[in-house]
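Just input-v6.csv here, CSV, C-alpha atoms:
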chain,number,residue,atom,x,y,z
A,1,ALA,CA,227.3,-131.0,71.7
A,2,LEU,CA,230.9,-130.4,72.5
A,3,THR,CA,232.4,-130.5,76.0
A,4,ASP,CA,235.6,-129.0,77.3
A,5,VAL,CA,237.2,-128.7,73.9
A,6,ASP,CA,240.6,-126.9,74.0
A,7,LEU,CA,242.3,-126.9,70.6
A,8,ASP,CA,244.9,-124.8,68.7
A,9,ILE,CA,245.3,-125.1,64.9
A,10,HIS,CA,248.7,-124.0,63.7
A,11,GLU,CA,249.6,-122.4,60.3
A,12,GLY,CA,250.6,-125.2,58.0
A,13,ASP,CA,248.8,-128.0,59.8
A,14,PHE,CA,247.2,-130.9,57.9
A,15,ALA,CA,244.9,-132.0,60.7
A,16,VAL,CA,242.1,-134.6,60.7
A,17,LEU,CA,239.2,-134.7,63.1
A,18,ALA,CA,238.5,-138.4,63.5
A,19,GLY,CA,235.8,-140.3,65.4
A,20,PRO,CA,232.5,-142.2,64.9
A,21,SER,CA,229.3,-140.6,63.6
A,22,GLY,CA,227.9,-138.3,66.3
A,23,SER,CA,231.3,-137.7,68.0
A,24,GLY,CA,231.2,-134.0,67.2
A,25,LYS,CA,233.5,-133.8,64.2
A,26,THR,CA,231.2,-131.7,62.0
A,27,THR,CA,230.0,-129.6,64.9
A,28,LEU,CA,233.6,-128.7,65.7
A,29,LEU,CA,234.4,-128.0,62.0
A,30,ASN,CA,231.3,-125.7,61.7
A,31,LEU,CA,232.3,-123.8,64.9
A,32,ILE,CA,235.9,-123.3,63.7
A,33,GLY,CA,234.5,-122.0,60.4
A,34,ALA,CA,232.0,-119.6,62.0
A,35,LEU,CA,229.1,-121.5,60.4
A,36,ASP,CA,227.7,-122.2,63.9
A,37,VAL,CA,227.9,-120.0,67.0
A,38,ALA,CA,229.3,-121.4,70.2
A,39,THR,CA,226.9,-121.2,73.2
A,40,SER,CA,229.9,-120.9,75.6
A,41,GLY,CA,233.7,-120.6,75.4
A,42,THR,CA,235.8,-118.6,72.9
A,43,ILE,CA,236.9,-119.3,69.3
A,44,GLU,CA,239.7,-117.1,67.9
A,45,LEU,CA,241.2,-116.7,64.5
A,46,GLU,CA,244.6,-115.1,64.5
A,47,GLY,CA,243.9,-113.7,67.9
A,48,GLN,CA,240.5,-112.3,67.1
A,49,ALA,CA,237.5,-113.6,69.0
A,50,LEU,CA,234.7,-114.6,66.6
A,51,SER,CA,232.0,-113.9,69.2
A,52,ALA,CA,233.0,-110.3,69.1
A,53,LEU,CA,232.1,-109.9,65.4
A,54,SER,CA,228.7,-108.9,64.0
A,55,GLY,CA,226.9,-111.1,61.5
A,56,THR,CA,228.2,-109.0,58.6
A,57,LYS,CA,231.8,-109.2,59.9
A,58,LEU,CA,231.5,-113.0,60.3
A,59,ALA,CA,230.2,-113.3,56.7
A,60,GLU,CA,233.2,-111.2,55.5
A,61,LEU,CA,235.5,-113.4,57.5
A,62,ARG,CA,234.0,-116.6,55.9
A,63,LEU,CA,234.4,-115.1,52.5
A,64,ARG,CA,238.0,-113.9,52.9
A,65,ARG,CA,239.7,-116.1,55.5
A,66,PHE,CA,238.1,-119.5,55.2
A,67,GLY,CA,237.8,-122.1,52.4
A,68,PHE,CA,235.0,-124.7,52.7
A,69,VAL,CA,234.8,-128.1,51.0
A,70,PHE,CA,231.6,-130.0,51.6
A,71,GLN,CA,230.7,-133.6,51.2
A,72,ALA,CA,228.0,-132.8,48.6
A,73,TYR,CA,230.3,-130.4,46.7
A,74,ASN,CA,227.6,-127.5,46.7
A,75,LEU,CA,228.5,-126.3,43.2
A,76,ILE,CA,226.2,-124.0,41.3
A,77,PRO,CA,224.8,-126.3,38.5
A,78,VAL,CA,224.3,-123.7,35.9
A,79,LEU,CA,227.8,-122.4,36.1
A,80,SER,CA,230.9,-123.9,34.5
A,81,ALA,CA,233.9,-125.1,36.5
A,82,TYR,CA,235.6,-121.8,35.8
A,83,GLU,CA,232.6,-119.7,36.9
A,84,ASN,CA,232.1,-121.8,40.1
A,85,ALA,CA,235.7,-121.2,41.1
A,86,GLU,CA,235.5,-117.5,40.0
A,87,TYR,CA,232.4,-116.8,42.1
A,88,VAL,CA,234.2,-116.1,45.4
A,89,LEU,CA,236.6,-113.6,43.6
A,90,LEU,CA,233.6,-111.8,42.1
A,91,LEU,CA,232.1,-111.4,45.6
A,92,GLN,CA,235.5,-110.1,46.8
A,93,GLY,CA,235.7,-107.5,43.9
A,94,VAL,CA,238.9,-108.9,42.5
A,95,ALA,CA,239.7,-107.1,39.2
A,96,GLY,CA,239.2,-109.0,35.9
A,97,PRO,CA,242.8,-109.9,34.7
A,98,LYS,CA,244.0,-110.8,38.2
A,99,ARG,CA,240.8,-112.8,38.7
A,100,GLN,CA,241.2,-114.8,35.5
A,101,LYS,CA,244.8,-115.6,36.2
A,102,ARG,CA,244.0,-116.9,39.7
A,103,VAL,CA,241.1,-119.0,38.6
A,104,MET,CA,243.1,-120.6,35.8
A,105,ASP,CA,246.1,-121.2,38.1
A,106,VAL,CA,244.0,-123.0,40.7
A,107,LEU,CA,242.1,-125.1,38.1
A,108,GLU,CA,245.5,-126.2,36.7
A,109,ALA,CA,246.7,-126.9,40.3
A,110,VAL,CA,243.8,-129.2,41.0
A,111,GLY,CA,244.1,-131.0,37.6
A,112,LEU,CA,241.2,-129.5,35.8
A,113,GLY,CA,243.1,-127.7,33.0
A,114,GLY,CA,241.1,-127.9,29.8
A,115,LEU,CA,237.8,-128.7,31.7
A,116,GLU,CA,237.1,-125.1,32.8
A,117,LYS,CA,234.0,-124.7,30.5
A,118,ARG,CA,232.2,-127.9,31.7
A,119,ARG,CA,229.3,-127.6,34.1
A,120,PRO,CA,229.0,-129.9,37.1
A,121,ALA,CA,226.7,-132.4,35.4
A,122,GLU,CA,229.4,-132.9,32.7
A,123,LEU,CA,232.1,-133.8,35.4
A,124,SER,CA,232.7,-136.9,37.4
A,125,GLY,CA,232.3,-136.9,41.2
A,126,GLY,CA,236.0,-136.6,41.7
A,127,GLN,CA,236.2,-133.7,39.2
A,128,GLN,CA,233.3,-131.9,40.9
A,129,GLN,CA,235.1,-132.2,44.3
A,130,ARG,CA,238.2,-130.7,42.6
A,131,VAL,CA,236.2,-127.8,41.4
A,132,ALA,CA,235.0,-127.4,45.0
A,133,ILE,CA,238.6,-127.4,46.2
A,134,ALA,CA,239.6,-124.9,43.5
A,135,ARG,CA,236.7,-122.6,44.6
A,136,ALA,CA,237.9,-122.9,48.2
A,137,ILE,CA,241.6,-122.1,47.6
A,138,VAL,CA,241.2,-119.4,44.9
A,139,ALA,CA,240.7,-116.7,47.6
A,140,GLU,CA,243.9,-117.8,49.3
A,141,PRO,CA,242.2,-118.5,52.7
A,142,ALA,CA,244.0,-118.7,56.0
A,143,LEU,CA,242.3,-122.0,56.7
A,144,MET,CA,240.7,-124.8,54.6
A,145,LEU,CA,237.9,-126.8,56.2
A,146,ALA,CA,236.7,-130.0,54.6
A,147,ASP,CA,233.8,-132.2,55.8
A,148,GLU,CA,234.2,-135.8,54.8
A,149,PRO,CA,235.6,-134.8,51.4
A,150,THR,CA,236.1,-138.4,50.1
A,151,ALA,CA,232.8,-139.8,51.3
A,152,ASN,CA,231.1,-139.8,47.9
A,153,LEU,CA,234.1,-140.9,45.9
A,154,ASP,CA,235.5,-144.3,44.9
A,155,SER,CA,238.7,-145.4,46.5
A,156,LYS,CA,241.1,-144.4,43.7
A,157,THR,CA,239.4,-141.0,43.2
A,158,GLY,CA,239.5,-140.5,47.0
A,159,ALA,CA,243.2,-141.3,47.1
A,160,ASP,CA,243.9,-138.9,44.3
A,161,LEU,CA,241.9,-136.2,46.2
A,162,ILE,CA,243.9,-136.8,49.4
A,163,GLU,CA,247.2,-136.5,47.4
A,164,LEU,CA,245.9,-133.2,45.9
A,165,MET,CA,245.2,-131.8,49.4
A,166,ARG,CA,248.6,-132.9,50.7
A,167,THR,CA,250.2,-131.2,47.7
A,168,LEU,CA,248.4,-128.0,48.3
A,169,ASN,CA,249.4,-128.2,52.0
A,170,ARG,CA,253.1,-128.8,51.1
A,171,ASP,CA,253.6,-126.6,48.1
A,172,ARG,CA,251.2,-123.7,48.8
A,173,GLY,CA,251.3,-123.8,52.6
A,174,VAL,CA,247.5,-124.2,52.8
A,175,THR,CA,246.3,-125.1,56.4
A,176,PHE,CA,243.8,-128.0,56.4
A,177,VAL,CA,241.3,-129.2,59.0
A,178,ILE,CA,239.4,-132.2,57.7
A,179,SER,CA,236.6,-134.2,59.4
A,180,ALA,CA,236.9,-137.8,58.3
A,181,HIS,CA,236.3,-141.4,59.2
A,182,ASP,CA,238.0,-142.6,56.0
A,183,PRO,CA,241.2,-144.5,57.2
A,184,LYS,CA,243.0,-143.3,54.0
A,185,VAL,CA,242.5,-139.7,55.0
A,186,ILE,CA,243.5,-140.3,58.6
A,187,GLU,CA,246.7,-142.1,57.7
A,188,ARG,CA,247.9,-139.2,55.5
A,189,ALA,CA,247.4,-136.6,58.3
A,190,ASP,CA,250.2,-134.9,60.1
A,191,ARG,CA,247.9,-134.5,63.1
A,192,VAL,CA,245.0,-136.7,64.2
A,193,ILE,CA,242.5,-135.2,66.7
A,194,GLU,CA,240.1,-138.0,67.9
A,195,LEU,CA,236.7,-137.1,69.3
A,196,GLU,CA,234.2,-139.2,71.2
A,197,ASP,CA,230.9,-138.0,72.6
A,198,GLY,CA,231.8,-134.4,72.0
A,199,ARG,CA,235.2,-134.5,73.7
A,200,ILE,CA,238.7,-134.7,72.4
A,201,ILE,CA,240.2,-137.9,73.7
A,202,LYS,CA,243.5,-137.9,71.7
A,203,ASP,CA,245.5,-135.3,69.9
A,204,ARG,CA,248.6,-136.8,68.2
A,205,ARG,CA,251.2,-135.4,65.7
A,206,ARG,CA,253.2,-137.5,63.3
A,207,ASP,CA,256.9,-137.9,64.4
A,208,GLY,CA,259.9,-138.1,62.1
A,209,ALA,CA,259.8,-141.9,62.1
A,210,GLY,CA,256.2,-142.0,60.6
A,211,GLY,CA,254.5,-142.8,63.9
A,212,TYR,CA,252.5,-140.5,66.1
A,213,ARG,CA,253.3,-138.7,69.4
A,214,ALA,CA,250.9,-137.2,71.8
Translate this file's structure into structure tokens.
Amino acid sequence: ALTDVDLDIHEGDFAVLAGPSGSGKTTLLNLIGALDVATSGTIELEGQALSALSGTKLAELRLRRFGFVFQAYNLIPVLSAYENAEYVLLLQGVAGPKRQKRVMDVLEAVGLGGLEKRRPAELSGGQQQRVAIARAIVAEPALMLADEPTANLDSKTGADLIELMRTLNRDRGVTFVISAHDPKVIERADRVIELEDGRIIKDRRRDGAGGYRA
């Protein structure tokens, strides 16, 4: 459970929710992404209260405004990398030529050019996580939410993935909120929000000298 959480995420943030297991990181991430419903308080996206939306409207919001990257990838095993990334655009009704260009563009952006026909079982863990990121950003969401994205990856693959997310943040302006206890993820964040027992105990932004300020 979360207690007295007061948090603003700004456009362009690369923020990490840090803290030990059970601190509330994933709970907060799921609430931000409208995967869970808050029992009290208010969560707003671009000034709109999520609690005021119907289940159908929330599903539409998740489809069009949020991108999700899960620890377990959650790819569809019978679909290729291209088809997994394309799936969200099919749900959105994006026309064929535009859909194809966007999918190929994001697969190139995440380093999967030439691998678009491979199914998840034919890809490494790092490549599968890249497909998951491509699927999440292809719809050009307002906010990307990633839950322990490096947890199942070796250190080099994890470092490459962090660099990819930083590049998407810098070059495409994608806003990231990431739950992590991986020090390599935390040290690359512009903002570190520390949780303990369901409370935010620190919220620090990186300063120009490479340190953090409250």
Residues of stretch 108-175 of chain A at most 10 Å from stretch 11-22 of chain A: nearest atom pair and distance in Å, all atoms listed in the file, as JSON lines:
{"residue": "A:Ala142", "atom": "CA", "partner": "A:Glu11", "partner_atom": "CA", "distance": 8.0}
{"residue": "A:Leu143", "atom": "CA", "partner": "A:Glu11", "partner_atom": "CA", "distance": 8.1}
{"residue": "A:Met144", "atom": "CA", "partner": "A:Phe14", "partner_atom": "CA", "distance": 9.5}
{"residue": "A:Leu145", "atom": "CA", "partner": "A:Ala15", "partner_atom": "CA", "distance": 9.8}
{"residue": "A:Ala146", "atom": "CA", "partner": "A:Val16", "partner_atom": "CA", "distance": 9.4}
{"residue": "A:Asp147", "atom": "CA", "partner": "A:Leu17", "partner_atom": "CA", "distance": 9.4}
{"residue": "A:Glu148", "atom": "CA", "partner": "A:Leu17", "partner_atom": "CA", "distance": 9.8}
{"residue": "A:Met165", "atom": "CA", "partner": "A:Phe14", "partner_atom": "CA", "distance": 8.8}
{"residue": "A:Arg166", "atom": "CA", "partner": "A:Phe14", "partner_atom": "CA", "distance": 7.6}
{"residue": "A:Asn169", "atom": "CA", "partner": "A:Gly12", "partner_atom": "CA", "distance": 6.8}
{"residue": "A:Arg170", "atom": "CA", "partner": "A:Gly12", "partner_atom": "CA", "distance": 8.2}
{"residue": "A:Arg172", "atom": "CA", "partner": "A:Gly12", "partner_atom": "CA", "distance": 9.3}
{"residue": "A:Gly173", "atom": "CA", "partner": "A:Gly12", "partner_atom": "CA", "distance": 5.6}
{"residue": "A:Val174", "atom": "CA", "partner": "A:Gly12", "partner_atom": "CA", "distance": 6.1}
{"residue": "A:Thr175", "atom": "CA", "partner": "A:Gly12", "partner_atom": "CA", "distance": 4.6}
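Shortest atom-to-atom contact with A:Leu2 among A:Arg65, A:Arg199, A:Lys25, A:Arg102: A:Arg199, counting all atoms listed in the file.
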Item to complete: Can you pull out every residue within 8 Å of A:Arg130, counting all atoms listed in the file, but drop anything in the same chain fewer than 4 positions away, and send it as a PyMOL selection string?
Response: chain A and resi 110-112+126+134+161
Fill in: Point-to-point distance in Å for atom CA of A:Ala59 and atom CA of A:Glu116
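Distance between the two atoms: 27.5 Å.
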Item to complete: Could you check which of A:Ala139, A:Ile133, A:Ala189, A:Leu28 is closest to A:Leu63, using all atoms listed in the file?
Response: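 Closest residue, counting all atoms listed in the file: A:Ala139.
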Item to complete: Please identify all polymer residues within 12 Å of A:Ser155, counting all atoms listed in the file, omitting same-chain residues fewer than 2 positions from it, and present them as a list in words.
Response: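 In the requested format, the answer is Gly125, Gly126, Thr150, Ala151, Asn152, Leu153, Thr157, Gly158, Ala159, Asp160, Leu161, Ile162, Asp182, Pro183, Lys184 and Val185 of chain A.
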Response to the item:
A:Gly113 proximity check over A:Leu89, A:Ala49, A:Ala81, A:Val94, using all atoms listed in the file: winner is A:Ala81
Fill in: Residue nearest A:Asn30 among A:Leu168, A:Phe66, A:His181, A:Arg118 (counting all atoms listed in the file)
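The answer is A:Phe66, which sits nearest to A:Asn30.
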Residues of stretch 58-160 of chain A that have any atom at most 9 Å from an atom of stretch 34-41 of chain A: could you tabulate them with the shortest-distance atom pair and the distance in Å to one decimal, using all atoms listed in the file, ordered by chain and increasing number, as CSV?
residue,atom,partner,partner_atom,distance
A:Leu58,CA,A:Ala34,CA,6.8
A:Ala59,CA,A:Ala34,CA,8.4
A:Leu61,CA,A:Ala34,CA,8.4
A:Arg62,CA,A:Ala34,CA,7.1
For the residues selected in the previous step, produce a file with C-alpha atoms as an mmCIF file, in the frame of the given file.
data_model
loop_
_atom_site.group_PDB
_atom_site.id
_atom_site.type_symbol
_atom_site.label_atom_id
_atom_site.label_comp_id
_atom_site.auth_asym_id
_atom_site.auth_seq_id
_atom_site.Cartn_x
_atom_site.Cartn_y
_atom_site.Cartn_z
ATOM 1 C CA LEU A 58 231.500 -113.000 60.300
ATOM 2 C CA ALA A 59 230.200 -113.300 56.700
ATOM 3 C CA LEU A 61 235.500 -113.400 57.500
ATOM 4 C CA ARG A 62 234.000 -116.600 55.900
#
Discussion item. Show me, as number ranges by chain, the residues that have an atom within 10 Å of A:Glu86 when counting only C-alpha atoms, minus same-chain residues fewer than 2 positions from it.
Written reply: A: 79-84, 88-91, 94, 99-100, 102-104, 134-135, 138-139
Worksheet item: So how many Å separate atom CA of A:Arg206 and atom CA of A:Ile9, to one decimal?
Response: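 It comes out at 14.8 Å.
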Fill in: Gap from atom CA of A:Gly96 to atom CA of A:Tyr73 - Å, one decimal
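The value is 25.6 Å.
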Discussion item. Given only C-alpha atoms as the basis, pick out the residue of A:Asp8, A:Val192, A:Ala132, A:Gly33 nearest to A:Arg64.
Written reply: A:Gly33
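Between A:Asp190 and the residues A:Asp154, A:Glu163, A:Asp207, A:Glu46, the shortest atom-to-atom distance, using only C-alpha atoms, involves A:Asp207.
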